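Some notes on the structure that comes next.
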Amino acid sequence: MKTYQLDQRRSLLFPGNADQTLAYATSHWVKTAQDAIEDHNFFAVALSGGSTPKKIFQNLAQQHAQSLDWSKVWLFWSDERSVSPDHPDSNFHMAMVDAGLNRLPFASTHIHRMVAEQDLAANSLAYESLIKKTLQGRPFDLIMLGMGDDGHTASLFPHTEGVHAHGRLVIANYIPQKQTWRMSFTFECINQASSICIYVIGANKAPVVQKVLFSTHDPDTYPSQNLGNVAHPATWILDDAASTQILQSIQR
């Protein structure tokens with residue numbers, strides 16, 4: 001597998017084609033969970049929406065029922081749409097029902113969905129309090145993220161107030177582009193995690209990921225540029241199709 005250290009806060013992994021990248025991402029998820037449980041007896045992970053995380057969840061449900069003590073896995077979400085949990089657009093519904101994570105033996109008290117269908121301002125504060133109470137000062141062991149065609153991550157979209165949120169872990173963020181509110185982790189929350197993974201698959205992502213990683217720092221335009229810091233670097237996991245323009249930049 002090819003790797004590249006972009007800078008002190010971002011590393012790039014190139015496992016191969018889409019199937020190889022999904023296989024790597026799934027095995028990395030399981031190994032991260034195993035290591036966390038061995039170290040401190042639980043694994044706290046924040047799940048993401050999107051087609052690539054969905055395939056990772058399907059792999060976990062179908063192939064790894066015996067790989068972990070699932071009762072020691074604590075599920076959170078990095079963002080959520082303002083819909084009910086049974087709505088087809090819900091990130092919670094996608095992970096638990098569509099992708100089949102509900103078939104794994106989680107403790108029901110360890111599944112912490114974002115309540116984003118109503119009163120997002122109050123419920124984002126409640127979710128932040130839940131994180132602090134549950135983790136007791138520990139960072140998330142893994143935060144899963146994707147990147148949109150516009151360079152957004154979680155629900156931190158270009159030119160929205162959430163990109164610059166300070167002093168908060170979770171916010172209600174208005175997305176003018178979509179004329180809707182969403183609940184989202186902040187960069188302050190994300191960049192405290194022990195492992196920050198951004199999964200990018202597909203040729204349609206190649207142009208924007210090249211801009212995010214190699215253009216002048218402008219997180220208002222490309223929020224994903226804010227992922228990772230020196231203490232907690234971000235790992236970008238990219239398939240061959242998504243990385244074509246990146247590899248050209250690296251090889252110059």
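Going through the structure tokens in order, the chains are called A, B, and so on, while each chain numbers its residues from 1 and the ligands are numbered from 1 in the order shown.
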
request  = Name all residues at most 9 Å from Ile143 in chain A (count only C-alpha atoms; drop same-chain ones fewer than 2 positions away) and give them as a ChimeraX atom specification.
outcome  = /A:44-48,77-78,140-141,145,190,193-198

Keeping only C-alpha atoms, write the selected residues as a PDB file, in the first residue's frame.
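Output below, filename selection.pdb:
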ATOM      1  CA  ALA A  44     -15.917   5.195  21.184  1.00  0.00           C
ATOM      2  CA  VAL A  45     -16.556   5.854  17.503  1.00  0.00           C
ATOM      3  CA  ALA A  46     -18.433   8.589  15.669  1.00  0.00           C
ATOM      4  CA  LEU A  47     -20.074   7.321  12.491  1.00  0.00           C
ATOM      5  CA  SER A  48     -20.590   9.248   9.273  1.00  0.00           C
ATOM      6  CA  TRP A  77     -22.653  10.220  14.971  1.00  0.00           C
ATOM      7  CA  SER A  78     -20.509  13.032  13.565  1.00  0.00           C
ATOM      8  CA  PHE A 140     -13.018   9.655  20.551  1.00  0.00           C
ATOM      9  CA  ASP A 141     -11.041   6.605  19.475  1.00  0.00           C
ATOM     10  CA  LEU A 145     -15.661  11.275   7.909  1.00  0.00           C
ATOM     11  CA  ILE A 190     -13.054  16.286  15.411  1.00  0.00           C
ATOM     12  CA  ALA A 193      -9.882  12.371  18.236  1.00  0.00           C
ATOM     13  CA  SER A 194      -7.206   9.701  18.552  1.00  0.00           C
ATOM     14  CA  SER A 195      -7.895   8.630  14.969  1.00  0.00           C
ATOM     15  CA  ILE A 196      -9.459  10.869  12.309  1.00  0.00           C
ATOM     16  CA  CYS A 197     -10.190   9.033   9.057  1.00  0.00           C
ATOM     17  CA  ILE A 198     -11.511  10.570   5.866  1.00  0.00           C
TER      18      ILE A 198
END

message = Quick check for you: according to DSSP on this backbone, which residues of range 163-201 of chain A are classed as helix (DSSP H, G or I)? Reply as a PyMOL selection string.
response = chain A and resi 163-164+187-190

inquiry  = So that I can see what lies close to Gly151 in chain A, please list as a PyMOL selection string the residues with an atom at most 9 Å from it, counting only C-alpha atoms and leaving out residues fewer than 4 positions away in the same chain.
reply    = chain A and resi 147+157-158+208-209+211-212+219+221-225

Could those selected residues go to a file with N, CA and C atoms, as a tab-separated table (two decimals), in the first residue's frame?
chain	number	residue	atom	x	y	z
A	147	MET	N	-15.97	13.30	2.46
A	147	MET	CA	-15.79	14.64	1.89
A	147	MET	C	-16.73	14.79	0.70
A	157	PHE	N	-20.27	22.89	5.95
A	157	PHE	CA	-20.29	23.21	4.53
A	157	PHE	C	-19.56	24.52	4.27
A	158	PRO	N	-19.12	24.73	3.02
A	158	PRO	CA	-18.43	25.99	2.68
A	158	PRO	C	-19.26	27.22	3.05
A	208	VAL	N	-11.76	17.78	-6.45
A	208	VAL	CA	-11.88	18.55	-5.21
A	208	VAL	C	-10.88	18.08	-4.17
A	209	VAL	N	-10.57	16.79	-4.10
A	209	VAL	CA	-9.60	16.35	-3.09
A	209	VAL	C	-8.21	16.90	-3.42
A	211	LYS	N	-7.72	19.84	-4.72
A	211	LYS	CA	-7.77	21.23	-4.28
A	211	LYS	C	-7.69	21.32	-2.76
A	212	VAL	N	-8.39	20.43	-2.07
A	212	VAL	CA	-8.38	20.44	-0.61
A	212	VAL	C	-6.97	20.23	-0.08
A	219	PRO	N	-10.24	27.39	4.29
A	219	PRO	CA	-11.29	26.48	4.77
A	219	PRO	C	-12.70	27.01	4.60
A	221	THR	N	-13.77	28.03	1.80
A	221	THR	CA	-14.12	27.44	0.50
A	221	THR	C	-14.04	25.92	0.54
A	222	TYR	N	-13.03	25.39	1.24
A	222	TYR	CA	-12.83	23.94	1.34
A	222	TYR	C	-12.69	23.56	2.81
A	223	PRO	N	-13.81	23.39	3.53
A	223	PRO	CA	-13.75	23.12	4.96
A	223	PRO	C	-12.87	21.93	5.35
A	224	SER	N	-12.79	20.91	4.49
A	224	SER	CA	-12.01	19.72	4.82
A	224	SER	C	-10.53	20.03	5.02
A	225	GLN	N	-10.09	21.20	4.58
A	225	GLN	CA	-8.70	21.59	4.83
A	225	GLN	C	-8.40	21.73	6.32

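All residues in range 103-154 of chain A with a DSSP state of strand (DSSP E or B), computed from the backbone, read Ile111, Leu142, Ile143, Met144, Leu145 and Thr153 of chain A.
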
request  = Write out as number ranges by chain which residues come within 6 Å of range 59-70 of chain A when counting only C-alpha atoms, dropping same-chain ones fewer than 5 positions away.
outcome  = A: 100-101, 105-106

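Each of A:Gly228, A:Ser71, A:Ala122, A:Gly49 was compared to Pro88 in chain A using only C-alpha atoms, and A:Gly49 turns out to be the nearest.
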
message = Could you tell me how far CA of Ser243 in chain A sits from CA of Asn204 in chain A, in Å to one decimal place?
response = 10.3 Å

key: Contact residues around Phe185 in chain A with only C-alpha atoms at 12 Å, ignoring same-chain residues under 3 positions, as number ranges by chain   = A: 46-48, 76-80, 114, 124-125, 127-128, 131, 140, 143-145, 153-157, 162-173, 182, 188-193, 227

Export of prior selection with N, CA and C atoms as a tab-separated table (two decimals), in the first residue's frame:
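Wrote result-v8.tsv, looks like this:
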chain	number	residue	atom	x	y	z
A	46	ALA	N	-17.40	7.74	16.26
A	46	ALA	CA	-18.43	8.59	15.67
A	46	ALA	C	-18.59	8.20	14.21
A	47	LEU	N	-19.79	7.78	13.84
A	47	LEU	CA	-20.07	7.32	12.49
A	47	LEU	C	-20.41	8.49	11.58
A	48	SER	N	-20.32	8.23	10.29
A	48	SER	CA	-20.59	9.25	9.27
A	48	SER	C	-21.66	8.75	8.32
A	76	PHE	N	-21.59	6.89	18.31
A	76	PHE	CA	-22.06	8.26	18.19
A	76	PHE	C	-22.14	8.59	16.69
A	77	TRP	N	-22.60	9.77	16.37
A	77	TRP	CA	-22.65	10.22	14.97
A	77	TRP	C	-21.96	11.57	14.86
A	78	SER	N	-21.23	11.77	13.75
A	78	SER	CA	-20.51	13.03	13.56
A	78	SER	C	-21.40	14.13	13.00
A	79	ASP	N	-22.52	13.74	12.37
A	79	ASP	CA	-23.49	14.74	11.94
A	79	ASP	C	-24.80	14.05	11.62
A	80	GLU	N	-25.85	14.85	11.54
A	80	GLU	CA	-27.16	14.30	11.24
A	80	GLU	C	-28.03	15.35	10.55
A	114	MET	N	-27.96	11.33	17.22
A	114	MET	CA	-28.23	12.76	17.30
A	114	MET	C	-29.72	13.00	17.11
A	124	SER	N	-28.25	20.01	20.24
A	124	SER	CA	-26.82	19.98	20.02
A	124	SER	C	-26.06	20.18	21.33
A	125	LEU	N	-26.57	21.05	22.18
A	125	LEU	CA	-25.97	21.23	23.51
A	125	LEU	C	-26.11	19.95	24.34
A	127	TYR	N	-26.30	16.91	23.17
A	127	TYR	CA	-25.40	15.89	22.63
A	127	TYR	C	-23.96	16.17	23.07
A	128	GLU	N	-23.58	17.42	23.12
A	128	GLU	CA	-22.26	17.79	23.62
A	128	GLU	C	-22.10	17.35	25.07
A	131	ILE	N	-21.59	13.60	25.24
A	131	ILE	CA	-20.22	13.22	24.90
A	131	ILE	C	-19.30	13.40	26.10
A	140	PHE	N	-12.49	10.75	21.35
A	140	PHE	CA	-13.02	9.65	20.55
A	140	PHE	C	-11.85	8.80	20.06
A	143	ILE	N	-13.07	8.94	14.65
A	143	ILE	CA	-14.13	9.71	14.02
A	143	ILE	C	-14.05	9.44	12.52
A	144	MET	N	-15.14	8.91	11.98
A	144	MET	CA	-15.25	8.61	10.56
A	144	MET	C	-15.82	9.81	9.83
A	145	LEU	N	-15.21	10.13	8.68
A	145	LEU	CA	-15.66	11.27	7.91
A	145	LEU	C	-15.58	10.98	6.42
A	153	THR	N	-17.16	18.51	5.04
A	153	THR	CA	-17.03	17.28	5.81
A	153	THR	C	-17.95	17.39	7.02
A	154	ALA	N	-18.42	16.23	7.53
A	154	ALA	CA	-19.52	16.24	8.50
A	154	ALA	C	-20.62	17.13	7.91
A	155	SER	N	-21.19	18.06	8.68
A	155	SER	CA	-22.11	19.03	8.08
A	155	SER	C	-21.54	20.43	8.21
A	156	LEU	N	-20.23	20.52	7.97
A	156	LEU	CA	-19.51	21.80	7.95
A	156	LEU	C	-19.30	22.17	6.49
A	157	PHE	N	-20.27	22.89	5.95
A	157	PHE	CA	-20.29	23.21	4.53
A	157	PHE	C	-19.56	24.52	4.27
A	162	GLY	N	-20.60	27.26	10.92
A	162	GLY	CA	-20.02	26.13	11.62
A	162	GLY	C	-18.54	25.91	11.34
A	163	VAL	N	-18.07	26.36	10.20
A	163	VAL	CA	-16.65	26.19	9.86
A	163	VAL	C	-15.77	26.87	10.89
A	164	HIS	N	-16.26	27.95	11.50
A	164	HIS	CA	-15.45	28.75	12.43
A	164	HIS	C	-15.94	28.64	13.87
A	165	ALA	N	-16.72	27.63	14.19
A	165	ALA	CA	-17.24	27.48	15.55
A	165	ALA	C	-16.10	27.22	16.54
A	166	HIS	N	-16.14	27.91	17.66
A	166	HIS	CA	-15.13	27.73	18.71
A	166	HIS	C	-15.83	27.50	20.05
A	167	GLY	N	-15.19	26.73	20.90
A	167	GLY	CA	-15.72	26.50	22.23
A	167	GLY	C	-16.88	25.54	22.29
A	168	ARG	N	-17.14	24.83	21.21
A	168	ARG	CA	-18.23	23.87	21.14
A	168	ARG	C	-17.76	22.58	20.50
A	169	LEU	N	-18.37	21.48	20.92
A	169	LEU	CA	-18.11	20.18	20.29
A	169	LEU	C	-19.16	19.85	19.24
A	170	VAL	N	-20.39	20.29	19.48
A	170	VAL	CA	-21.53	19.97	18.61
A	170	VAL	C	-22.33	21.25	18.39
A	171	ILE	N	-22.77	21.47	17.17
A	171	ILE	CA	-23.52	22.69	16.86
A	171	ILE	C	-24.71	22.38	15.95
A	172	ALA	N	-25.65	23.31	15.92
A	172	ALA	CA	-26.66	23.36	14.86
A	172	ALA	C	-26.10	24.29	13.79
A	173	ASN	N	-26.00	23.81	12.57
A	173	ASN	CA	-25.40	24.59	11.49
A	173	ASN	C	-26.41	24.76	10.37
A	182	ARG	N	-28.65	21.40	10.03
A	182	ARG	CA	-28.11	20.09	10.38
A	182	ARG	C	-27.38	20.19	11.71
A	188	GLU	N	-13.25	21.57	16.31
A	188	GLU	CA	-12.66	21.47	17.64
A	188	GLU	C	-12.88	20.09	18.22
A	189	CYS	N	-14.04	19.52	18.01
A	189	CYS	CA	-14.34	18.15	18.45
A	189	CYS	C	-13.57	17.13	17.62
A	190	ILE	N	-13.67	17.26	16.31
A	190	ILE	CA	-13.05	16.29	15.41
A	190	ILE	C	-11.55	16.19	15.64
A	191	ASN	N	-10.91	17.32	15.79
A	191	ASN	CA	-9.45	17.34	15.85
A	191	ASN	C	-8.87	16.99	17.22
A	192	GLN	N	-9.74	16.54	18.12
A	192	GLN	CA	-9.27	15.96	19.39
A	192	GLN	C	-9.20	14.44	19.34
A	193	ALA	N	-9.76	13.83	18.29
A	193	ALA	CA	-9.88	12.37	18.24
A	193	ALA	C	-8.53	11.68	18.12
A	227	LEU	N	-9.13	19.65	8.67
A	227	LEU	CA	-9.07	18.36	9.37
A	227	LEU	C	-7.64	18.03	9.78

query = With distances taken over only C-alpha atoms, which of A:Thr235, A:Gln179, A:Asp7, A:Val115 is nearest to His28 in chain A?
reply = A:Thr235

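Proximity of A:Phe214, A:Trp236, A:Phe57, A:Tyr174 to Met94 in chain A, computed with only C-alpha atoms, is greatest for A:Phe57.
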
Leu13 in chain A environment, 7 Å, only C-alpha atoms, sequence neighbours closer than 5 positions dropped, as a ChimeraX atom specification = /A:2-4,236-238

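Going from CA of Pro139 in chain A over to CA of Lys31 in chain A, you cover 17.3 Å.
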
task = Name all residues at most 9 Å from Leu6 in chain A (count only C-alpha atoms; drop same-chain ones fewer than 3 positions away) and give them as a list in words.
result = Arg9, Arg10, Ser11, Leu12, Leu213 and Ile250 of chain A

Any chance you can output those residues with N, CA and C atoms as a CSV table (one decimal), in the first residue's frame?
chain,number,residue,atom,x,y,z
A,9,ARG,N,0.2,17.3,9.8
A,9,ARG,CA,-1.1,17.0,10.3
A,9,ARG,C,-2.0,16.2,9.4
A,10,ARG,N,-1.4,15.7,8.2
A,10,ARG,CA,-2.2,14.9,7.3
A,10,ARG,C,-1.3,13.9,6.6
A,11,SER,N,-1.8,12.6,6.6
A,11,SER,CA,-1.1,11.6,5.9
A,11,SER,C,-2.1,11.0,4.9
A,12,LEU,N,-1.6,10.5,3.8
A,12,LEU,CA,-2.5,9.9,2.8
A,12,LEU,C,-2.2,8.4,2.6
A,213,LEU,N,-6.2,19.3,-0.7
A,213,LEU,CA,-4.9,18.9,-0.1
A,213,LEU,C,-3.8,19.8,-0.6
A,250,ILE,N,2.0,14.8,-6.3
A,250,ILE,CA,3.1,14.2,-5.5
A,250,ILE,C,4.3,13.9,-6.3

query = Of the residues A:Ala203, A:Leu247, A:Leu142, A:Leu120, which is the one nearest to Pro233 in chain A, using only C-alpha atoms?
reply = A:Leu142

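Considering only C-alpha atoms, the residue among A:Thr186, A:Gln5, A:Gln210, A:Thr216 positioned nearest to Gln245 in chain A is A:Gln210.
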